[in-house]
Protein chains: 4
Amino acid sequence: MTPTRGYTATKDQLLGRLARIEGQIRGIDGMVRDDRYCIDILTQIGAAQAALDKVALGLLDDHAHHCVVGADTAEERDAKTAEMMAAVGRLMRRG
Amino acid sequence: MTPTRGYTATKDQLLGRLARIEGQIRGIDGMVRDDRYCIDILTQIGAAQAALDKVALGLLDDHAHHCVVGADTAEERDAKTAEMMAAVGRLMRRG
Amino acid sequence: MTPTRGYTATKDQLLGRLARIEGQIRGIDGMVRDDRYCIDILTQIGAAQAALDKVALGLLDDHAHHCVVGADTAEERDAKTAEMMAAVGRLMRRG
Amino acid sequence: MTPTRGYTATKDQLLGRLARIEGQIRGIDGMVRDDRYCIDILTQIGAAQAALDKVALGLLDDHAHHCVVGADTAEERDAKTAEMMAAVGRLMRRG
């Protein structure tokens with residue numbers, strides 16, 4: 001049985017998501033330019049944030065599977081784990 | 001004494017921020033393409049998220065000052081306030 | 001037609017939620033004490049965070065409806081709106 | 001050189017933090033009961049959320065160092081990593 005790896009993404013998938021997010025940001029730019037109703041713009045910002053979260057989780061998943069698990073020594077593994085935790089802490093607090 | 005309006009932004013300021021965020025997303029795309037270290041990419045994603053939060057807060061502030069406070073009737077004010085709260089709830093949970 | 005006021009809560013409802021959150025925190029304390037599986041503890045922490053978010057949204061909703069909308073002067077309204085936006089900004093970034 | 005392990009916490013430290021969070025929740029309960037100014041109550045909720053985040057990061061750090069890194073087989077390691085990522089995803093979206 002293969003364990004569920006819900007956030008795992010290939011490089012192509014990540015690039016595809018980023019291209020879509022770029023489109024979302026351009027769409028938000030157009031909505032602001034056209035004085036669209038602010039609540040509708042906020043909904044689009046929320047969607048872009050959720051899409052960025054998913055890219056972040058994909059990268060974290062990759063770090064966990066390759067950098068942490070694949071570390072050569074216990075010390076390197078500890079260092080990679082600490083870096084990952086710091087990144088999680090920053091993401092929870094958003095930048 | 002003018003009250004502090006920390007999140008207030010003009011349309012031009014919002015458009016300037018969105019242009020910068022578009023640049024940040026393109027930068028993240030380039031980092032993924034170049035197989036840059038994932039923790040460094042995550043730092044840039046956090047920065048883009050924080051910048052999007054700031055645009056969202058600017059739009060919310062505008063909604064609060066114009067749509068809520070400027071509503072013509074008590075009912076419209078209540079409806080605009082409810083819409084604002086729903087938007088805040090979605091942003092706290094990210095889309 | 002009454003507008004939807006999804007986050008509106010009475011004082012009794014807020015106190016009831018806080019009593020439940022206190023119980024959740026005590027439950028998490030017991031789980032840590034009993035060395036329960038950390039992922040299960042994290043699920044309970046997530047539930048307590050979501051419950052606290054709901055209390056925060058209830059208080060914000062009250063502020064928006066009473067302090068902002070009910071302000072006597074335009075200046076007071078502006079000041080109350082600025083306070084509300086600062087509180088939303090802090091909540092999005094979590095304290 | 002010991003790597004920085006910023007979120008690492010002993011069981012006693014986690015229990016100490018949870019006891020303080022319980023006190024914070026009781027304080028918030030008292031503020032609601034006494035009809036204190038809602039913006040001040042929101043500040044305390046933000047502080048309790050930040051403290052809960054820190055407990056969550058401490059538990060995640062423990063999971064990463066012990067369950068993930070200490071897994072006996074590659075499959076178990078993959079499963080533990082997937083569980084960790086799912087927990088991070090839930091925390092970023094709060095419960």
# chains A, B, ... in the order shown; residues from 1 in each chain; ligands from 1
>>> interface_residues(of="chain B", to="chain A", cutoff="10 Å", atoms="only C-alpha atoms", output="ChimeraX atom specification")
/B:11-12,14-19,21-26,28-30,32-33,35,37-53,55-63,67,80,83-84,86-88,90-95
>>> select_by_dssp(residues="chain D", states="helix (DSSP H, G or I)", output="count of residues only")
73
>>> atom_distance(atom1="atom CA of C:Ala82", atom2="atom CA of B:Tyr7")
8.1 Å
>>> atom_distance(atom1="atom CA of C:Glu75", atom2="atom CA of B:Asp72")
17.9 Å
>>> atom_distance(atom1="atom CA of C:Arg36", atom2="atom CA of D:Val68")
16.1 Å
>>> decode(residues="stretch 43-92 of chain B", atoms="C-alpha atoms", output="tab-separated table (two decimals), in the first residue's frame")
chain	number	residue	atom	x	y	z
B	43	THR	CA	10.94	32.45	1.93
B	44	GLN	CA	9.92	34.19	-1.30
B	45	ILE	CA	6.45	32.61	-1.17
B	46	GLY	CA	6.08	33.95	2.39
B	47	ALA	CA	7.00	37.43	1.14
B	48	ALA	CA	4.42	37.24	-1.68
B	49	GLN	CA	1.76	36.04	0.81
B	50	ALA	CA	2.54	38.96	3.14
B	51	ALA	CA	2.30	41.38	0.19
B	52	LEU	CA	-1.07	39.89	-0.84
B	53	ASP	CA	-2.29	40.19	2.77
B	54	LYS	CA	-1.41	43.88	2.64
B	55	VAL	CA	-3.43	44.36	-0.58
B	56	ALA	CA	-6.35	42.50	1.05
B	57	LEU	CA	-6.17	44.71	4.15
B	58	GLY	CA	-6.09	47.81	1.94
B	59	LEU	CA	-9.25	46.67	0.14
B	60	LEU	CA	-10.97	45.75	3.42
B	61	ASP	CA	-10.09	49.15	4.85
B	62	ASP	CA	-11.62	50.79	1.80
B	63	HIS	CA	-14.76	48.66	2.15
B	64	ALA	CA	-15.01	49.57	5.85
B	65	HIS	CA	-14.58	53.30	5.22
B	66	HIS	CA	-16.74	53.63	2.12
B	67	CYS	CA	-19.21	50.78	1.78
B	68	VAL	CA	-19.94	50.22	5.50
B	69	VAL	CA	-19.64	53.72	6.91
B	70	GLY	CA	-21.06	55.34	3.77
B	71	ALA	CA	-24.13	53.10	3.53
B	72	ASP	CA	-27.37	55.03	3.11
B	73	THR	CA	-29.60	52.97	5.38
B	74	ALA	CA	-29.12	50.92	8.55
B	75	GLU	CA	-30.06	47.80	6.61
B	76	GLU	CA	-27.50	48.42	3.88
B	77	ARG	CA	-24.89	49.09	6.58
B	78	ASP	CA	-25.73	45.79	8.27
B	79	ALA	CA	-25.50	43.94	4.96
B	80	LYS	CA	-22.13	45.54	4.09
B	81	THR	CA	-20.80	44.75	7.55
B	82	ALA	CA	-21.87	41.12	7.22
B	83	GLU	CA	-20.15	40.90	3.82
B	84	MET	CA	-16.99	42.37	5.33
B	85	MET	CA	-17.00	39.90	8.22
B	86	ALA	CA	-17.49	36.98	5.82
B	87	ALA	CA	-14.50	38.24	3.79
B	88	VAL	CA	-12.37	38.52	6.95
B	89	GLY	CA	-13.35	34.98	7.92
B	90	ARG	CA	-12.35	33.66	4.49
B	91	LEU	CA	-9.02	35.53	4.58
B	92	MET	CA	-8.17	34.16	8.05
